[in-house]
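The file target_1.pdb contains PDB, C-alpha atoms:
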MODEL        1
ATOM      1  CA  MET A 668       0.000   0.000   0.000
ATOM      2  CA  ASN A 669       1.466   3.374  -1.026
ATOM      3  CA  LYS A 670       1.091   6.867   0.450
ATOM      4  CA  ARG A 671      -1.791   7.770  -1.857
ATOM      5  CA  HIS A 672      -3.703   4.710  -0.683
ATOM      6  CA  GLN A 673      -3.195   5.817   2.914
ATOM      7  CA  ASP A 674      -4.309   9.364   2.066
ATOM      8  CA  ILE A 675      -7.524   7.935   0.611
ATOM      9  CA  LEU A 676      -8.140   5.859   3.737
ATOM     10  CA  ASP A 677      -7.418   8.813   6.033
ATOM     11  CA  THR A 678      -9.847  11.015   4.092
ATOM     12  CA  LEU A 679     -12.582   8.376   4.214
ATOM     13  CA  LYS A 680     -12.031   7.903   7.937
ATOM     14  CA  GLU A 681     -12.789  11.599   8.449
ATOM     15  CA  HIS A 682     -15.503  12.166   5.848
ATOM     16  CA  GLY A 683     -17.048   8.744   5.227
ATOM     17  CA  ALA A 684     -17.288   9.013   1.448
ATOM     18  CA  ARG A 685     -15.830  10.908  -1.486
ATOM     19  CA  SER A 686     -16.307  10.956  -5.234
ATOM     20  CA  TYR A 687     -13.544   9.978  -7.653
ATOM     21  CA  GLN A 688     -13.422  13.594  -8.845
ATOM     22  CA  GLU A 689     -12.962  14.929  -5.323
ATOM     23  CA  PHE A 690     -10.051  12.558  -4.723
ATOM     24  CA  SER A 691      -8.593  13.521  -8.099
ATOM     25  CA  ASP A 692      -8.660  17.204  -7.143
ATOM     26  CA  GLN A 693      -7.318  16.504  -3.650
ATOM     27  CA  LEU A 694      -4.421  14.255  -4.670
ATOM     28  CA  GLY A 695      -3.532  15.809  -8.015
ATOM     29  CA  VAL A 696      -3.933  12.668 -10.130
ATOM     30  CA  THR A 697      -6.437  11.563 -12.763
ATOM     31  CA  THR A 698      -9.748   9.960 -11.894
ATOM     32  CA  MET A 699      -8.508   6.828 -13.697
ATOM     33  CA  THR A 700      -5.636   6.603 -11.213
ATOM     34  CA  ILE A 701      -8.073   7.003  -8.324
ATOM     35  CA  ARG A 702     -10.260   4.244  -9.763
ATOM     36  CA  ARG A 703      -7.255   1.912  -9.891
ATOM     37  CA  ASP A 704      -6.449   2.813  -6.289
ATOM     38  CA  ALA A 705     -10.067   2.097  -5.375
ATOM     39  CA  ASP A 706      -9.908  -1.293  -7.066
ATOM     40  CA  TYR A 707      -6.866  -2.208  -4.989
ATOM     41  CA  LEU A 708      -8.276  -0.958  -1.682
ATOM     42  CA  ALA A 709     -11.642  -2.609  -2.332
ATOM     43  CA  GLY A 710      -9.831  -5.855  -3.103
ATOM     44  CA  GLU A 711      -8.173  -5.592   0.316
ATOM     45  CA  GLY A 712     -11.558  -5.075   1.947
ATOM     46  CA  LEU A 713     -10.626  -1.580   3.156
ATOM     47  CA  ILE A 714     -13.232   0.443   1.239
ATOM     48  CA  ILE A 715     -16.502  -0.030  -0.619
ATOM     49  CA  LYS A 716     -16.850   1.144  -4.224
ATOM     50  CA  THR A 717     -20.050   2.961  -5.219
ATOM     51  CA  LEU A 718     -21.301   4.616  -8.386
ATOM     52  CA  GLY A 719     -19.108   7.684  -8.770
ATOM     53  CA  GLY A 720     -16.951   7.222  -5.707
ATOM     54  CA  VAL A 721     -15.960   5.216  -2.656
ATOM     55  CA  GLN A 722     -17.074   4.784   0.952
ATOM     56  CA  LYS A 723     -15.140   3.660   3.977
ATOM     57  CA  GLY A 724     -15.405   0.005   4.894
ATOM     58  CA  GLY A 725     -16.269  -1.485   8.241
ATOM     59  CA  ALA A 726     -19.156   0.860   9.071
ATOM     60  CA  PRO A 727     -22.303  -0.517  10.759
ATOM     61  CA  VAL A 728     -24.688  -2.102   8.278
ATOM     62  CA  ASP A 729     -27.370   0.571   8.801
ATOM     63  CA  TYR A 730     -24.922   3.243   7.620
ATOM     64  CA  TYR A 731     -25.334   1.992   4.059
ATOM     65  CA  GLU A 732     -28.167   2.570   1.604
ATOM     66  CA  SER A 733     -31.022   0.085   1.718
ATOM     67  CA  PRO A 734     -32.869  -0.947  -1.473
ATOM     68  CA  MET A 735     -35.754   1.258  -2.564
ATOM     69  CA  ARG A 736     -38.301  -1.575  -2.560
ATOM     70  CA  SER A 737     -37.672  -2.283   1.131
ATOM     71  CA  ARG A 738     -37.953   1.402   2.061
ATOM     72  CA  ILE A 739     -41.229   2.023   0.231
ATOM     73  CA  THR A 740     -43.182  -0.068   2.746
ATOM     74  CA  THR A 741     -41.360   1.194   5.857
ATOM     75  CA  ARG A 742     -43.310   3.760   7.957
ATOM     76  CA  ARG A 743     -45.588   4.343   4.999
ATOM     77  CA  ARG A 744     -48.333   5.944   7.100
ATOM     78  CA  GLU A 745     -45.949   8.540   8.553
ATOM     79  CA  LYS A 746     -44.510   9.328   5.126
ATOM     80  CA  ARG A 747     -47.974   9.826   3.644
ATOM     81  CA  ALA A 748     -48.944  12.199   6.462
ATOM     82  CA  ILE A 749     -45.688  14.135   6.076
ATOM     83  CA  ALA A 750     -46.266  14.406   2.312
ATOM     84  CA  GLU A 751     -49.805  15.733   2.868
ATOM     85  CA  CYS A 752     -48.382  18.338   5.226
ATOM     86  CA  ALA A 753     -45.657  19.297   2.729
ATOM     87  CA  LEU A 754     -48.270  19.706  -0.010
ATOM     88  CA  GLN A 755     -49.616  22.748   1.850
ATOM     89  CA  LEU A 756     -46.295  24.526   1.197
ATOM     90  CA  VAL A 757     -46.672  24.297  -2.590
ATOM     91  CA  ASP A 758     -48.390  26.949  -4.700
ATOM     92  CA  SER A 759     -49.218  26.724  -8.388
ATOM     93  CA  GLY A 760     -46.556  28.114 -10.682
ATOM     94  CA  GLN A 761     -43.596  27.263  -8.464
ATOM     95  CA  THR A 762     -40.439  25.425  -9.470
ATOM     96  CA  LEU A 763     -39.621  22.451  -7.222
ATOM     97  CA  PHE A 764     -36.967  19.818  -6.671
ATOM     98  CA  LEU A 765     -37.810  16.379  -5.293
ATOM     99  CA  ASP A 766     -35.050  13.973  -4.309
ATOM    100  CA  GLY A 767     -35.258  10.198  -4.759
ATOM    101  CA  SER A 768     -36.616   9.434  -1.285
ATOM    102  CA  THR A 769     -39.748   7.392  -0.661
ATOM    103  CA  THR A 770     -41.282  10.354   1.191
ATOM    104  CA  CYS A 771     -40.831  12.554  -1.879
ATOM    105  CA  LEU A 772     -42.385   9.768  -3.942
ATOM    106  CA  GLN A 773     -45.483  10.103  -1.763
ATOM    107  CA  LEU A 774     -45.399  13.879  -2.305
ATOM    108  CA  ALA A 775     -45.090  13.418  -6.078
ATOM    109  CA  THR A 776     -48.334  11.410  -6.071
ATOM    110  CA  LEU A 777     -50.135  14.223  -4.268
ATOM    111  CA  LEU A 778     -48.665  16.912  -6.532
ATOM    112  CA  HIS A 779     -49.959  15.404  -9.750
ATOM    113  CA  GLN A 780     -53.386  14.956  -8.115
ATOM    114  CA  HIS A 781     -53.770  18.347  -6.431
ATOM    115  CA  ARG A 782     -51.457  20.952  -8.017
ATOM    116  CA  GLN A 783     -51.145  22.463 -11.500
ATOM    117  CA  GLY A 784     -48.659  24.667 -13.300
ATOM    118  CA  LEU A 785     -45.589  23.390 -11.479
ATOM    119  CA  THR A 786     -42.142  22.715 -12.881
ATOM    120  CA  ILE A 787     -40.693  19.795 -10.948
ATOM    121  CA  VAL A 788     -37.038  18.791 -11.215
ATOM    122  CA  THR A 789     -35.970  15.391  -9.886
ATOM    123  CA  ASN A 790     -33.169  12.856 -10.158
ATOM    124  CA  SER A 791     -35.555   9.989  -9.358
ATOM    125  CA  ALA A 792     -36.681   7.595 -12.089
ATOM    126  CA  LEU A 793     -39.716   6.546 -10.023
ATOM    127  CA  ILE A 794     -40.815  10.105  -9.322
ATOM    128  CA  SER A 795     -40.434  10.973 -13.012
ATOM    129  CA  LEU A 796     -42.808   8.138 -13.884
ATOM    130  CA  GLU A 797     -45.251   9.217 -11.179
ATOM    131  CA  LEU A 798     -45.308  12.812 -12.412
ATOM    132  CA  ALA A 799     -45.783  11.625 -15.997
ATOM    133  CA  LYS A 800     -49.252  10.358 -15.055
ATOM    134  CA  SER A 801     -50.513  13.940 -15.257
ATOM    135  CA  GLY A 802     -49.988  16.552 -17.942
ATOM    136  CA  GLU A 803     -50.779  19.428 -15.577
ATOM    137  CA  ASN A 804     -47.175  19.868 -14.433
ATOM    138  CA  LEU A 805     -43.841  19.956 -16.249
ATOM    139  CA  ALA A 806     -41.459  17.227 -15.055
ATOM    140  CA  VAL A 807     -37.726  17.554 -15.674
ATOM    141  CA  CYS A 808     -35.502  14.562 -14.914
ATOM    142  CA  ILE A 809     -31.798  14.971 -14.178
ATOM    143  CA  GLY A 810     -30.263  12.085 -16.092
ATOM    144  CA  GLY A 811     -27.062  10.169 -15.462
ATOM    145  CA  LEU A 812     -25.979   6.828 -14.042
ATOM    146  CA  ILE A 813     -28.788   4.890 -12.384
ATOM    147  CA  ASP A 814     -28.296   3.870  -8.752
ATOM    148  CA  ARG A 815     -30.198   0.604  -8.441
ATOM    149  CA  ASP A 816     -30.681   0.916  -4.660
ATOM    150  CA  THR A 817     -32.485   4.271  -4.874
ATOM    151  CA  ALA A 818     -33.679   4.266  -8.515
ATOM    152  CA  SER A 819     -32.052   7.698  -8.796
ATOM    153  CA  TYR A 820     -29.727   9.235 -11.353
ATOM    154  CA  ILE A 821     -26.297  10.146 -10.000
ATOM    155  CA  GLY A 822     -22.722  10.583 -11.207
ATOM    156  CA  PRO A 823     -20.888  13.253 -13.243
ATOM    157  CA  ILE A 824     -23.658  13.780 -15.824
ATOM    158  CA  ALA A 825     -26.336  14.181 -13.152
ATOM    159  CA  GLU A 826     -24.115  16.524 -11.144
ATOM    160  CA  LYS A 827     -23.395  18.682 -14.188
ATOM    161  CA  ASN A 828     -27.109  18.900 -14.971
ATOM    162  CA  ALA A 829     -28.028  19.684 -11.345
ATOM    163  CA  LYS A 830     -25.817  22.773 -11.428
ATOM    164  CA  GLY A 831     -28.156  24.308 -14.005
ATOM    165  CA  PHE A 832     -31.283  24.380 -11.820
ATOM    166  CA  PHE A 833     -32.258  27.119  -9.367
ATOM    167  CA  VAL A 834     -35.633  26.127  -7.926
ATOM    168  CA  ASP A 835     -38.001  27.975  -5.608
ATOM    169  CA  LEU A 836     -38.464  25.086  -3.232
ATOM    170  CA  ALA A 837     -36.492  21.862  -2.736
ATOM    171  CA  PHE A 838     -37.924  18.902  -0.838
ATOM    172  CA  MET A 839     -35.468  16.328   0.457
ATOM    173  CA  SER A 840     -35.410  13.483   2.922
ATOM    174  CA  THR A 841     -32.363  11.854   4.490
ATOM    175  CA  LYS A 842     -30.875   8.746   6.027
ATOM    176  CA  GLY A 843     -30.214  10.468   9.348
ATOM    177  CA  PHE A 844     -30.739  13.903  10.903
ATOM    178  CA  VAL A 845     -29.033  15.466  13.906
ATOM    179  CA  PRO A 846     -30.572  18.943  14.289
ATOM    180  CA  ALA A 847     -27.427  20.412  15.846
ATOM    181  CA  GLU A 848     -25.330  19.176  12.914
ATOM    182  CA  GLY A 849     -27.293  18.429   9.757
ATOM    183  CA  THR A 850     -28.316  15.549   7.505
ATOM    184  CA  PHE A 851     -26.394  12.349   6.831
ATOM    185  CA  GLU A 852     -26.386  10.091   3.780
ATOM    186  CA  SER A 853     -25.115   6.651   2.798
ATOM    187  CA  SER A 854     -24.685   7.129  -0.946
ATOM    188  CA  VAL A 855     -21.930   9.445  -2.150
ATOM    189  CA  GLY A 856     -23.673   9.883  -5.500
ATOM    190  CA  ASN A 857     -26.992  11.008  -4.044
ATOM    191  CA  LEU A 858     -25.178  13.136  -1.491
ATOM    192  CA  ARG A 859     -23.551  15.256  -4.202
ATOM    193  CA  ILE A 860     -26.842  15.931  -6.005
ATOM    194  CA  LYS A 861     -28.451  17.045  -2.748
ATOM    195  CA  GLN A 862     -25.527  19.313  -1.889
ATOM    196  CA  LEU A 863     -25.626  20.986  -5.291
ATOM    197  CA  ILE A 864     -29.381  21.631  -5.161
ATOM    198  CA  ALA A 865     -29.205  22.792  -1.519
ATOM    199  CA  ALA A 866     -26.624  25.412  -2.487
ATOM    200  CA  GLN A 867     -28.824  26.836  -5.268
ATOM    201  CA  CYS A 868     -32.460  26.571  -4.178
ATOM    202  CA  ALA A 869     -34.313  29.526  -2.687
ATOM    203  CA  GLU A 870     -35.725  27.369   0.127
ATOM    204  CA  LEU A 871     -34.996  23.855   1.375
ATOM    205  CA  VAL A 872     -37.552  21.787   3.291
ATOM    206  CA  LEU A 873     -36.547  18.534   4.952
ATOM    207  CA  LEU A 874     -39.168  15.762   5.050
ATOM    208  CA  VAL A 875     -38.092  13.465   7.849
ATOM    209  CA  ASP A 876     -39.991  10.988  10.018
ATOM    210  CA  HIS A 877     -39.223  10.484  13.698
ATOM    211  CA  SER A 878     -36.946   7.474  13.131
ATOM    212  CA  LYS A 879     -34.323   9.631  11.378
ATOM    213  CA  PHE A 880     -33.762  12.039  14.278
ATOM    214  CA  GLY A 881     -30.537  11.533  16.213
ATOM    215  CA  GLU A 882     -29.206   9.118  13.572
ATOM    216  CA  ARG A 883     -26.033   9.460  11.536
ATOM    217  CA  ALA A 884     -25.066   7.659   8.355
ATOM    218  CA  LEU A 885     -21.802   7.318   6.520
ATOM    219  CA  CYS A 886     -21.182  10.989   5.765
ATOM    220  CA  LYS A 887     -22.638  14.416   6.419
ATOM    221  CA  ALA A 888     -24.556  15.953   3.531
ATOM    222  CA  ILE A 889     -26.322  19.231   4.387
ATOM    223  CA  ASP A 890     -25.756  21.589   7.291
ATOM    224  CA  THR A 891     -28.785  22.550   9.356
ATOM    225  CA  SER A 892     -28.084  26.202   8.530
ATOM    226  CA  GLN A 893     -29.027  25.440   4.899
ATOM    227  CA  ILE A 894     -32.480  24.128   5.876
ATOM    228  CA  GLN A 895     -35.396  26.559   6.168
ATOM    229  CA  GLY A 896     -38.206  24.135   7.010
ATOM    230  CA  VAL A 897     -38.720  20.696   8.543
ATOM    231  CA  VAL A 898     -41.832  18.541   8.185
ATOM    232  CA  THR A 899     -42.030  15.529  10.492
ATOM    233  CA  ASP A 900     -44.580  13.349  12.309
ATOM    234  CA  ASP A 901     -45.997  13.653  15.801
ATOM    235  CA  THR A 902     -43.810  10.908  17.274
ATOM    236  CA  THR A 903     -40.694  13.063  16.968
ATOM    237  CA  PRO A 904     -39.389  14.114  20.424
ATOM    238  CA  GLU A 905     -40.547  17.584  21.403
ATOM    239  CA  SER A 906     -36.995  18.496  22.445
ATOM    240  CA  GLU A 907     -35.833  18.066  18.851
ATOM    241  CA  LEU A 908     -38.671  20.240  17.557
ATOM    242  CA  ASP A 909     -37.950  22.927  20.147
ATOM    243  CA  TYR A 910     -34.309  23.050  19.097
ATOM    244  CA  LEU A 911     -35.303  23.603  15.474
ATOM    245  CA  ARG A 912     -37.826  26.300  16.364
ATOM    246  CA  GLN A 913     -35.258  28.081  18.510
ATOM    247  CA  HIS A 914     -33.010  28.175  15.463
ATOM    248  CA  ASP A 915     -35.712  29.808  13.315
ATOM    249  CA  LYS A 916     -36.786  26.745  11.351
ATOM    250  CA  ASP A 917     -40.356  26.498  10.091
ATOM    251  CA  VAL A 918     -41.420  23.273  11.827
ATOM    252  CA  ARG A 919     -44.603  21.488  10.769
ATOM    253  CA  VAL A 920     -45.837  18.340  12.463
ATOM    254  CA  ALA A 921     -48.072  15.860  10.666
ATOM    255  CA  THR A 922     -50.579  14.181  12.970
ATOM    256  CA  PHE A 923     -52.690  11.220  11.907
ATOM    257  CA  SER A 924     -55.359   8.935  13.279
ATOM    258  CA  GLY A 925     -55.483   6.615  10.275
ATOM    259  CA  HIS A 926     -54.942   6.695   6.546
ATOM    260  CA  THR A 927     -57.157   9.781   6.238
ATOM    261  CA  ASN A 928     -57.993  12.889   8.290
ATOM    262  CA  ASN A 929     -54.342  13.830   8.684
ATOM    263  CA  HIS A 930     -53.558  17.262  10.093
ATOM    264  CA  CYS A 931     -50.586  19.585   9.953
ATOM    265  CA  LEU A 932     -49.628  21.553  13.050
ATOM    266  CA  ARG A 933     -47.045  24.309  13.453
TER     267      ARG A 933
ENDMDL
END

For this file, produce the structure as structure tokens.
Amino acid sequence: MNKRHQDILDTLKEHGARSYQEFSDQLGVTTMTIRRDADYLAGEGLIIKTLGGVQKGGAPVDYYESPMRSRITTRRREKRAIAECALQLVDSGQTLFLDGSTTCLQLATLLHQHRQGLTIVTNSALISLELAKSGENLAVCIGGLIDRDTASYIGPIAEKNAKGFFVDLAFMSTKGFVPAEGTFESSVGNLRIKQLIAAQCAELVLLVDHSKFGERALCKAIDTSQIQGVVTDDTTPESELDYLRQHDKDVRVATFSGHTNNHCLR
């Protein structure tokens, strides 16, 4: 193992994940060289290769991305209630971004049923198909490499395309959320898309159920200072909500007594 290999490991130990391009810029070598380094380190079991980059090895299993099909059915009732609450933030004529989360997939269903005149940008293949069911809104898909675990487009092409969009309102979910720190993600490819959109949108709203609070994943994605609003469910600890309110976040809490008659409290 050479010095560059050790530099890669040291960086991943601190940051959790990095793209090939980021390592190329950091170490002053080509991305092809970094890919060869990644092949060697992955062969030694020291890192995990992903689409567009690498992640540190040896992290707890729940730090990594779980397949989309398993996440769709998890806490579905909470996600639906959160999506109904988020719908109240959307006015006709706005430009939106939806990430590839299952909560945003729920929101996409509501948008094509209840809103018109929107322009909706997404990097999710599933959300693109959902929005295509209605001709009342314009759907724009950020293309690129497909991540099979999230059914989202990531990688250099997607990142280049994401830099061209400046939306009014971005909705995102996350793998983990520590209000005093920010959001955490497992996929380096999805992380980069979220960071790019977060830096350019006029307003960012986090859709996050109670299970995500206090949890970290492989690497930090978005700082809490970049988030203007948080929509969650009524099982989230009040202490977490108070912290967000004290830091001037627009907090909305989705309450539900079944699959219908959901309410949104502030």

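One distance worth recording is that between atom CA of A:Ala847 and atom CA of A:Arg933, which is 20.1 Å.
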
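Compared by their closest atoms to A:Ser892, and using only C-alpha atoms, the residues A:Glu848, A:Asn857, A:Ser795, A:Leu863 rank with A:Glu848 nearest.
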
For the PyMOL selection byres ((chain A and resi 705-722) around 8), applied here, can you spell out every residue it catches as a JSON list (two decimals) with C-alpha atoms, in the coordinates of the input?
[["chain", "number", "residue", "atom", "x", "y", "z"],
["A", 672, "HIS", "CA", -3.70, 4.71, -0.68],
["A", 676, "LEU", "CA", -8.14, 5.86, 3.74],
["A", 679, "LEU", "CA", -12.58, 8.38, 4.21],
["A", 683, "GLY", "CA", -17.05, 8.74, 5.23],
["A", 684, "ALA", "CA", -17.29, 9.01, 1.45],
["A", 685, "ARG", "CA", -15.83, 10.91, -1.49],
["A", 686, "SER", "CA", -16.31, 10.96, -5.23],
["A", 687, "TYR", "CA", -13.54, 9.98, -7.65],
["A", 688, "GLN", "CA", -13.42, 13.59, -8.85],
["A", 701, "ILE", "CA", -8.07, 7.00, -8.32],
["A", 702, "ARG", "CA", -10.26, 4.24, -9.76],
["A", 703, "ARG", "CA", -7.26, 1.91, -9.89],
["A", 704, "ASP", "CA", -6.45, 2.81, -6.29],
["A", 723, "LYS", "CA", -15.14, 3.66, 3.98],
["A", 724, "GLY", "CA", -15.40, 0.00, 4.89],
["A", 725, "GLY", "CA", -16.27, -1.48, 8.24],
["A", 812, "LEU", "CA", -25.98, 6.83, -14.04],
["A", 814, "ASP", "CA", -28.30, 3.87, -8.75],
["A", 821, "ILE", "CA", -26.30, 10.15, -10.00],
["A", 822, "GLY", "CA", -22.72, 10.58, -11.21],
["A", 823, "PRO", "CA", -20.89, 13.25, -13.24],
["A", 854, "SER", "CA", -24.68, 7.13, -0.95],
["A", 855, "VAL", "CA", -21.93, 9.44, -2.15],
["A", 856, "GLY", "CA", -23.67, 9.88, -5.50],
["A", 885, "LEU", "CA", -21.80, 7.32, 6.52]]

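Taking all atoms listed in the file into account, A:Asn804 lies nearest to A:His781 out of the set A:Ala818, A:Val920, A:His781, A:Ala792.
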
For A:Tyr910, the nearest of the candidates A:Gln693, A:Ser819, A:Thr891, A:Gln673, counting all atoms listed in the file: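 When distances to A:Tyr910 are compared using all atoms listed in the file, the smallest one comes from A:Thr891.
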
Explicit residue set for the PyMOL selection byres ((chain A and resi 915) around 12), as a PyMOL selection string: chain A and resi 891-897+908-914+916-918

Chain and number of each residue from the PyMOL selection byres ((chain A and resi 753) around 10), as a PyMOL selection string: chain A and resi 747-752+754-757+771+774+777+838+872-874+896-899+919-921+931

Proximity to A:Ala869 - best of A:Gly767, A:Glu803, A:Leu778, A:Gln761, all atoms listed in the file: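 Among the listed residues, the smallest separation from A:Ala869 belongs to A:Gln761.
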
Spatial sel., origin (-47.3, 28.3, -6.2), limit 10 Å, only C-alpha atoms, listed as an MDAnalysis selection string: chainID A and resid 756:763 782:785 835:836
